[in-house]
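Text of upload-v7.csv (CSV, C-alpha atoms) as supplied:
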chain,number,residue,atom,x,y,z
A,1,MET,CA,-7.6,11.8,-9.5
A,2,GLY,CA,-10.2,12.1,-6.8
A,3,ARG,CA,-10.7,9.4,-4.2
A,4,PHE,CA,-14.2,8.5,-5.5
A,5,GLU,CA,-12.7,8.0,-9.0
A,6,LYS,CA,-10.5,5.4,-7.4
A,7,VAL,CA,-13.6,3.8,-5.9
A,8,GLU,CA,-15.1,3.6,-9.4
A,9,LYS,CA,-12.0,2.1,-10.8
A,10,ALA,CA,-12.1,-0.5,-8.0
A,11,ARG,CA,-15.6,-1.4,-9.0
A,12,ASP,CA,-15.0,-1.6,-12.7
A,13,LEU,CA,-16.5,-4.8,-14.1
A,14,LYS,CA,-13.5,-5.2,-16.4
A,15,ARG,CA,-11.1,-5.7,-13.6
A,16,PRO,CA,-9.7,-9.2,-13.2
A,17,ASN,CA,-11.4,-11.3,-10.6
A,18,ILE,CA,-10.0,-14.0,-8.4
A,19,TYR,CA,-10.4,-16.7,-11.1
A,20,ASP,CA,-8.4,-14.5,-13.5
A,21,TYR,CA,-5.6,-14.2,-11.0
A,22,ILE,CA,-5.6,-17.9,-10.3
A,23,ASN,CA,-5.6,-18.9,-13.9
A,24,ASN,CA,-2.7,-16.5,-14.8
A,25,ILE,CA,-0.5,-16.8,-11.7
A,26,PHE,CA,-0.9,-20.3,-10.3
A,27,ASP,CA,-0.8,-23.9,-11.7
A,28,ASP,CA,-3.1,-26.9,-11.2
A,29,PHE,CA,-5.8,-25.1,-9.1
A,30,ILE,CA,-8.2,-27.5,-7.4
A,31,GLU,CA,-11.3,-25.8,-6.1
A,32,LEU,CA,-12.7,-27.2,-2.8
A,33,LYS,CA,-16.3,-26.5,-1.8
A,34,GLY,CA,-18.5,-26.8,1.2
A,35,ASP,CA,-18.3,-25.6,4.8
A,36,ARG,CA,-18.9,-29.2,6.2
A,37,CYS,CA,-22.0,-27.8,7.9
A,38,GLY,CA,-24.3,-28.3,5.0
A,39,GLY,CA,-23.7,-25.1,3.0
A,40,ASP,CA,-21.5,-23.6,0.3
A,41,ASP,CA,-21.3,-20.1,-1.1
A,42,SER,CA,-20.5,-19.0,-4.7
A,43,ALA,CA,-19.3,-15.5,-3.5
A,44,ILE,CA,-16.3,-17.0,-1.7
A,45,ILE,CA,-14.1,-19.6,-3.4
A,46,GLY,CA,-11.0,-21.5,-2.3
A,47,GLY,CA,-8.7,-24.3,-3.1
A,48,ILE,CA,-5.2,-25.6,-3.5
A,49,ALA,CA,-2.7,-24.6,-6.2
A,50,PHE,CA,1.0,-24.4,-7.0
A,51,LEU,CA,3.0,-21.2,-7.1
A,52,ASN,CA,6.3,-22.0,-8.8
A,53,ASN,CA,6.1,-25.6,-7.5
A,54,GLN,CA,5.2,-24.4,-4.0
A,55,PRO,CA,1.7,-25.8,-2.8
A,56,VAL,CA,-0.5,-23.0,-1.5
A,57,THR,CA,-4.0,-22.5,-0.3
A,58,ILE,CA,-6.1,-19.7,-2.0
A,59,VAL,CA,-9.3,-18.2,-0.6
A,60,GLY,CA,-11.1,-15.0,-1.7
A,61,HIS,CA,-14.1,-13.2,-2.9
A,62,LEU,CA,-15.5,-13.7,-6.4
A,63,LYS,CA,-17.1,-10.9,-8.4
A,64,GLY,CA,-18.5,-11.3,-11.9
A,65,HIS,CA,-17.7,-9.4,-15.1
A,66,ASP,CA,-21.3,-8.5,-15.9
A,67,LEU,CA,-24.7,-8.2,-14.2
A,68,ASN,CA,-25.7,-11.8,-14.7
A,69,SER,CA,-22.5,-13.3,-13.3
A,70,ASN,CA,-22.6,-10.8,-10.4
A,71,LEU,CA,-26.1,-11.9,-9.6
A,72,LYS,CA,-24.9,-15.5,-9.4
A,73,VAL,CA,-22.2,-14.6,-6.9
A,74,ASN,CA,-24.2,-12.0,-5.0
A,75,PHE,CA,-21.8,-9.2,-6.1
A,76,GLY,CA,-19.0,-10.8,-4.0
A,77,MET,CA,-20.9,-10.4,-0.7
A,78,GLY,CA,-20.1,-13.6,1.3
A,79,SER,CA,-22.5,-15.5,3.5
A,80,PRO,CA,-21.7,-17.4,6.7
A,81,SER,CA,-21.2,-20.6,4.7
A,82,GLY,CA,-18.6,-18.9,2.6
A,83,TYR,CA,-16.5,-17.7,5.5
A,84,ARG,CA,-16.8,-21.1,7.2
A,85,LYS,CA,-15.7,-22.7,4.0
A,86,ALA,CA,-12.7,-20.4,3.8
A,87,LEU,CA,-12.0,-21.0,7.5
A,88,ARG,CA,-12.0,-24.8,6.9
A,89,LEU,CA,-9.6,-24.4,4.0
A,90,MET,CA,-7.2,-22.1,6.0
A,91,GLN,CA,-7.2,-24.5,8.9
A,92,GLN,CA,-6.4,-27.3,6.5
A,93,ALA,CA,-3.6,-25.3,5.0
A,94,ASN,CA,-2.1,-24.7,8.5
A,95,LYS,CA,-2.3,-28.4,9.3
A,96,PHE,CA,-0.5,-29.4,6.1
A,97,ASN,CA,2.0,-26.5,6.2
A,98,ARG,CA,0.8,-24.6,3.1
A,99,PRO,CA,1.1,-20.8,2.8
A,100,ILE,CA,-2.3,-19.0,2.6
A,101,ILE,CA,-3.0,-16.4,0.0
A,102,SER,CA,-6.3,-14.4,0.2
A,103,PHE,CA,-7.7,-12.2,-2.5
A,104,ILE,CA,-10.0,-9.5,-1.2
A,105,ASP,CA,-12.7,-8.0,-3.4
A,106,THR,CA,-16.0,-7.3,-1.8
A,107,PRO,CA,-18.3,-4.3,-0.9
A,108,GLY,CA,-18.9,-6.2,2.4
A,109,ALA,CA,-20.4,-9.4,3.8
A,110,TYR,CA,-24.0,-10.1,2.8
A,111,PRO,CA,-26.2,-8.2,5.4
A,112,GLY,CA,-29.5,-10.0,4.8
A,113,VAL,CA,-31.7,-11.5,7.5
A,114,GLU,CA,-30.8,-15.1,6.7
A,115,SER,CA,-27.1,-14.1,6.9
A,116,GLU,CA,-27.6,-12.7,10.3
A,117,GLN,CA,-29.6,-15.6,11.5
A,118,LYS,CA,-26.9,-18.0,10.4
A,119,GLY,CA,-24.2,-16.1,12.2
A,120,ILE,CA,-22.3,-13.9,9.7
A,121,GLY,CA,-20.6,-11.9,12.5
A,122,GLU,CA,-19.4,-15.1,14.3
A,123,ALA,CA,-18.1,-16.6,11.0
A,124,ILE,CA,-16.1,-13.5,10.2
A,125,ALA,CA,-14.8,-13.2,13.7
A,126,LYS,CA,-13.6,-16.8,13.7
A,127,CYS,CA,-11.7,-16.2,10.5
A,128,ILE,CA,-10.0,-13.2,12.1
A,129,GLU,CA,-9.3,-15.0,15.4
A,130,ASP,CA,-7.8,-18.1,13.7
A,131,SER,CA,-5.7,-16.0,11.4
A,132,PHE,CA,-3.6,-14.8,14.3
A,133,ASN,CA,-2.7,-18.4,15.2
A,134,TYR,CA,-1.7,-19.9,11.8
A,135,THR,CA,1.9,-20.9,11.8
A,136,VAL,CA,2.2,-20.7,8.0
A,137,PRO,CA,2.9,-17.6,5.9
A,138,LYS,CA,-0.3,-15.7,5.1
A,139,ILE,CA,-0.6,-12.8,2.6
A,140,SER,CA,-3.6,-10.8,1.7
A,141,ILE,CA,-4.1,-8.9,-1.6
A,142,ILE,CA,-6.8,-6.3,-2.1
A,143,ILE,CA,-7.6,-6.5,-5.8
A,144,GLY,CA,-10.7,-4.3,-6.0
A,145,GLU,CA,-13.0,-3.3,-3.2
A,146,GLY,CA,-12.1,-4.0,0.3
A,147,GLY,CA,-15.2,-3.2,2.3
A,148,SER,CA,-16.1,-3.6,5.9
A,149,GLY,CA,-15.9,-6.8,8.0
A,150,GLY,CA,-16.4,-8.8,4.8
A,151,ALA,CA,-12.9,-7.7,3.7
A,152,LEU,CA,-11.4,-7.9,7.2
A,153,GLY,CA,-12.3,-11.5,7.5
A,154,PHE,CA,-9.5,-12.3,5.1
A,155,GLY,CA,-7.3,-9.3,6.0
A,156,VAL,CA,-5.3,-10.5,9.0
A,157,SER,CA,-2.0,-11.6,7.5
A,158,ASP,CA,1.7,-11.3,7.7
A,159,GLN,CA,1.5,-8.9,4.9
A,160,VAL,CA,-1.4,-6.9,3.3
A,161,VAL,CA,-0.9,-5.4,-0.1
A,162,MET,CA,-3.1,-3.4,-2.5
A,163,LEU,CA,-3.3,-2.9,-6.2
A,164,GLU,CA,-2.9,0.8,-7.0
A,165,ASN,CA,-6.5,1.3,-8.0
A,166,ALA,CA,-8.0,-0.7,-5.1
A,167,VAL,CA,-9.8,0.7,-2.0
A,168,TYR,CA,-10.0,-0.5,1.6
A,169,SER,CA,-12.5,1.0,4.0
A,170,ILE,CA,-14.9,0.4,6.9
A,171,LEU,CA,-17.9,0.8,4.5
A,172,SER,CA,-18.8,2.3,1.1
A,173,PRO,CA,-18.6,6.1,0.6
A,174,GLU,CA,-22.4,5.9,-0.1
A,175,GLY,CA,-23.0,4.2,3.3
A,176,PHE,CA,-20.6,6.6,5.0
A,177,ALA,CA,-22.5,9.6,3.6
A,178,ALA,CA,-25.9,8.2,4.4
A,179,ILE,CA,-24.9,7.7,8.1
A,180,LEU,CA,-22.8,10.8,8.8
A,181,PHE,CA,-24.5,13.3,6.4
A,182,LYS,CA,-28.0,11.8,6.3
A,183,ASP,CA,-27.4,11.8,2.5
A,184,LYS,CA,-30.4,10.1,0.9
A,185,ASP,CA,-29.5,10.5,-2.8
A,186,GLY,CA,-25.8,9.8,-2.9
A,187,SER,CA,-24.9,13.4,-3.7
A,188,ARG,CA,-22.2,13.6,-1.0
A,189,LYS,CA,-20.4,10.3,-1.8
A,190,GLU,CA,-17.4,12.1,-3.3
A,191,GLU,CA,-17.1,14.2,-0.2
A,192,ALA,CA,-17.3,11.1,2.0
A,193,ALA,CA,-14.6,9.3,0.0
A,194,GLU,CA,-12.2,12.2,0.5
A,195,LEU,CA,-12.8,12.1,4.3
A,196,MET,CA,-12.4,8.3,4.4
A,197,LYS,CA,-8.9,8.2,2.9
A,198,LEU,CA,-9.5,4.8,1.4
A,199,THR,CA,-7.0,4.6,-1.4
A,200,ALA,CA,-3.9,2.5,-1.6
A,201,LEU,CA,-1.7,5.5,-1.2
A,202,ASP,CA,-3.7,6.8,1.9
A,203,LEU,CA,-3.4,3.4,3.6
A,204,PHE,CA,0.3,2.9,2.8
A,205,GLU,CA,1.1,6.3,4.3
A,206,GLN,CA,-0.8,5.3,7.4
A,207,GLY,CA,1.1,2.0,7.7
A,208,ILE,CA,-2.1,-0.1,7.3
A,209,ILE,CA,-0.9,-1.8,4.2
A,210,ASP,CA,2.7,-2.9,3.4
A,211,LYS,CA,3.0,-2.4,-0.4
A,212,ILE,CA,1.2,-0.9,-3.4
A,213,ILE,CA,1.4,-3.0,-6.5
A,214,PRO,CA,1.2,-1.0,-9.8
A,215,GLU,CA,-1.4,-2.1,-12.3
A,216,GLY,CA,0.3,-0.9,-15.5
A,217,ASP,CA,-1.5,-0.8,-18.8
A,218,LEU,CA,-5.2,-1.1,-18.2
A,219,ASN,CA,-5.6,-2.7,-21.6
A,220,SER,CA,-3.4,-5.6,-20.6
A,221,ASN,CA,-3.4,-7.5,-17.3
A,222,ASN,CA,-0.3,-9.5,-17.9
A,223,PHE,CA,1.8,-6.8,-16.1
A,224,VAL,CA,-0.2,-7.0,-12.9
A,225,TYR,CA,-0.2,-10.8,-13.0
A,226,ASP,CA,3.6,-10.9,-13.3
A,227,LYS,CA,3.9,-8.3,-10.5
A,228,ILE,CA,1.7,-10.2,-8.1
A,229,GLY,CA,3.2,-13.6,-9.0
A,230,ASN,CA,6.7,-12.3,-8.4
A,231,HIS,CA,5.8,-10.6,-5.2
A,232,LEU,CA,4.1,-13.6,-3.7
A,233,THR,CA,7.0,-15.9,-4.6
A,234,GLN,CA,9.5,-13.6,-3.0
A,235,GLU,CA,7.5,-12.9,0.1
A,236,ILE,CA,6.5,-16.5,0.8
A,237,GLN,CA,10.1,-17.5,0.6
A,238,THR,CA,11.1,-14.7,3.0
A,239,LEU,CA,8.3,-15.5,5.5
A,240,SER,CA,9.0,-19.2,5.3
A,241,ARG,CA,12.5,-18.6,6.7
A,242,LEU,CA,11.1,-17.3,10.0
A,243,ASP,CA,10.5,-19.7,12.9
A,244,LYS,CA,6.9,-20.1,13.9
A,245,LYS,CA,7.2,-18.1,17.1
A,246,THR,CA,8.7,-15.1,15.3
A,247,LEU,CA,6.1,-15.3,12.5
A,248,LEU,CA,3.2,-15.2,15.0
A,249,HIS,CA,4.8,-12.4,17.0
A,250,ASN,CA,5.4,-10.2,14.0
A,251,ARG,CA,1.8,-10.8,12.7
A,252,TYR,CA,0.4,-9.9,16.1
A,253,GLU,CA,2.5,-6.8,16.5
A,254,ARG,CA,1.6,-5.7,13.0
A,255,PHE,CA,-2.0,-5.2,14.0
A,256,ARG,CA,-1.4,-4.1,17.5
A,257,LYS,CA,0.5,-1.0,16.3
A,258,TYR,CA,-2.7,0.6,15.1
Show me, as structure tokens, the structure contained in the file I just sent.
Amino acid sequence: MGRFEKVEKARDLKRPNIYDYINNIFDDFIELKGDRCGGDDSAIIGGIAFLNNQPVTIVGHLKGHDLNSNLKVNFGMGSPSGYRKALRLMQQANKFNRPIISFIDTPGAYPGVESEQKGIGEAIAKCIEDSFNYTVPKISIIIGEGGSGGALGFGVSDQVVMLENAVYSILSPEGFAAILFKDKDGSRKEEAAELMKLTALDLFEQGIIDKIIPEGDLNSNNFVYDKIGNHLTQEIQTLSRLDKKTLLHNRYERFRKY
């Protein structure tokens, strides 16, 4: 399978979104809204839930399953309000000693004029900066597209894992081709995807991610729900045994090595 075929699989509207994972893995999810600066964002959601009786905080990107639902959530492209909302929830999790789980599925942060005016770069940068200082376990899961700074805003964690048909890259293959090849019609997107090495296997071999989670039968998502639930339960228990100084040191070194 070519790398661009993986991109198409990652973009498939039938793939589970963050609500599907929450409803099938966690219990008693309470969604929290607002950035406490007067805004909210439907493209980024977050809240508190239980994972096998362990309270956790969840943040992540939301994509729809059809055109209408995607229009409502801006195709998973977060705004400054969304990242500031997530930042507030992650800071709250750190204060109350709750592990943080982030689900990444976005082609990138929303690049519009209003987004720039309200400080999208600063909002993402603050999410990244603070993630190096949380003294609670933090795990990121790339469930579909992991694109650009919009993905990296939730990507600084003790562990970063990907589903086998997910992708993670600095931008889309179409954007890469347009910039490097001056490609105006998308005819070189497959070539760009091959050069970018954006698949789960590519990134695992480079040491950028820690684990690939198989997706199993594409006609049934129960397999992947079980895999993710078991993985999160086990890794949170392991990370929780570390003292705070070691947790922070390991997280810092994980990203310093590349």
Considering all atoms listed in the file, tabulate each residue of region 63-86 of chain A that lies at most 10 Å from region 93-108 of chain A along with its nearest interatomic pair and the corresponding distance in Å to one decimal; arrange the rows by chain and ascending residue number and present them as a Markdown table.
| residue | atom | partner | partner_atom | distance |
| --- | --- | --- | --- | --- |
| A:Lys63 | CA | A:Asp105 | CA | 7.3 |
| A:Asn74 | CA | A:Thr106 | CA | 10.0 |
| A:Phe75 | CA | A:Thr106 | CA | 7.5 |
| A:Gly76 | CA | A:Thr106 | CA | 5.1 |
| A:Met77 | CA | A:Gly108 | CA | 5.6 |
| A:Gly78 | CA | A:Gly108 | CA | 7.6 |
| A:Ala86 | CA | A:Ser102 | CA | 9.5 |
- Query: Skipping near chain neighbours, those fewer than 3 positions away, what residues fall within 6 Å of Asp41 (chain A) using all atoms listed in the file, listed as a list of chain:residue names?
  - Reply: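 Near Asp41 (chain A), the qualifying residues are A:Ile44, A:Ser81, A:Gly82.
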Do a neighbour search on Arg3 (chain A) at 10 Å with all atoms listed in the file, toss out local chain neighbours closer than 2 positions, and write the hits as a PDB file with C-alpha atoms, in the coordinates of the input.
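That gives us result_16.pdb:
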ATOM      1  CA  MET A   1      -7.600  11.800  -9.500  1.00  0.00           C
ATOM      2  CA  GLU A   5     -12.700   8.000  -9.000  1.00  0.00           C
ATOM      3  CA  LYS A   6     -10.500   5.400  -7.400  1.00  0.00           C
ATOM      4  CA  VAL A   7     -13.600   3.800  -5.900  1.00  0.00           C
ATOM      5  CA  GLU A   8     -15.100   3.600  -9.400  1.00  0.00           C
ATOM      6  CA  LYS A   9     -12.000   2.100 -10.800  1.00  0.00           C
ATOM      7  CA  ASN A 165      -6.500   1.300  -8.000  1.00  0.00           C
ATOM      8  CA  VAL A 167      -9.800   0.700  -2.000  1.00  0.00           C
ATOM      9  CA  PRO A 173     -18.600   6.100   0.600  1.00  0.00           C
ATOM     10  CA  GLU A 190     -17.400  12.100  -3.300  1.00  0.00           C
ATOM     11  CA  GLU A 191     -17.100  14.200  -0.200  1.00  0.00           C
ATOM     12  CA  ALA A 192     -17.300  11.100   2.000  1.00  0.00           C
ATOM     13  CA  ALA A 193     -14.600   9.300   0.000  1.00  0.00           C
ATOM     14  CA  GLU A 194     -12.200  12.200   0.500  1.00  0.00           C
ATOM     15  CA  LEU A 195     -12.800  12.100   4.300  1.00  0.00           C
ATOM     16  CA  MET A 196     -12.400   8.300   4.400  1.00  0.00           C
ATOM     17  CA  LYS A 197      -8.900   8.200   2.900  1.00  0.00           C
ATOM     18  CA  LEU A 198      -9.500   4.800   1.400  1.00  0.00           C
ATOM     19  CA  THR A 199      -7.000   4.600  -1.400  1.00  0.00           C
ATOM     20  CA  ASP A 202      -3.700   6.800   1.900  1.00  0.00           C
TER      21      ASP A 202
END
- Query: From the list A:Leu248, A:Ser79, A:Gly144, A:Phe29, which residue is nearest Pro111 (chain A) when using all atoms listed in the file?
  - Reply: A:Ser79
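Of note, CA of Leu51 (chain A) and CA of Phe26 (chain A) are spaced 5.1 Å apart.
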Taking all atoms of region 40-47 of chain A that appear in the file, build a box with edges along x, y and z, extend it by 3 Å on every side, and state its centre and edge lengths in Å to one decimal, as lines of an AutoDock Vina configuration file.
center_x = -15.1
center_y = -19.9
center_z = -2.2
size_x = 18.8
size_y = 14.8
size_z = 11.0
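The nearest approach to Ser240 (chain A) among the residues A:Pro137, A:Gly2, A:Pro80, A:Pro55, with all atoms listed in the file taken into account, belongs to A:Pro137.
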- Task: Can you pull out every residue within 10 Å of Ile139 (chain A), counting all atoms listed in the file, but drop anything in the same chain fewer than 6 positions away, and send it as an NGL selection string?
- Result: :A and (58 or 99-103 or 154-161 or 232 or 235-236 or 239)
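For the pair CA of Ile124 (chain A) and CA of Tyr110 (chain A), the separation is 11.3 Å.
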- Identify which of the residues A:Gln92, A:Asn250, A:Ser69, A:Asn24 lies closest to Gly46 (chain A), counting all atoms listed in the file when measuring atom-to-atom distances. A:Gln92
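For the set A:Leu13, A:Asp210, A:Val56, A:Asp185, the residue with the smallest atom-to-atom gap to Asn70 (chain A) is A:Leu13, counting all atoms listed in the file.
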Check which residues of region 135-228 of chain A sit at most 12 Å from region 15-20 of chain A using only C-alpha atoms, and return one row each with the closest pair of atoms and their distance in Å to one decimal, ordered by chain and rising number, as CSV.
residue,atom,partner,partner_atom,distance
A:Ile141,CA,A:Ile18,CA,10.3
A:Ile142,CA,A:Ile18,CA,10.5
A:Ile143,CA,A:Asn17,CA,7.8
A:Gly144,CA,A:Arg15,CA,7.7
A:Glu145,CA,A:Arg15,CA,10.8
A:Leu163,CA,A:Arg15,CA,11.1
A:Asn165,CA,A:Arg15,CA,10.1
A:Ala166,CA,A:Arg15,CA,10.3
A:Glu215,CA,A:Arg15,CA,10.4
A:Asp217,CA,A:Arg15,CA,12.0
A:Leu218,CA,A:Arg15,CA,8.8
A:Asn219,CA,A:Arg15,CA,10.2
A:Ser220,CA,A:Pro16,CA,10.4
A:Asn221,CA,A:Pro16,CA,7.7
A:Asn222,CA,A:Asp20,CA,10.5
A:Val224,CA,A:Pro16,CA,9.8
A:Tyr225,CA,A:Asp20,CA,9.0
- Distance of CA of Gly149 (chain A) from CA of Ala125 (chain A), expressed in Å to one decimal place: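 Atom-to-atom, CA of Ala125 (chain A) and CA of Gly149 (chain A) are spaced 8.6 Å apart.
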- Option closest in space to Gly39 (chain A), from A:Tyr83, A:Gly147, A:Arg11, A:Ile209 [counting only C-alpha atoms]: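 Of A:Tyr83, A:Gly147, A:Arg11, A:Ile209, the one nearest Gly39 (chain A), counting only C-alpha atoms, is A:Tyr83.
Using all atoms listed in the file, the contacts of Glu31 (chain A) at a cut-off of 10 Å, with sequence neighbours closer than 4 positions omitted, comprise Ile45, Gly46, Gly47, Ile48, Ala49, Thr57, Ile58 and Val59 of chain A.
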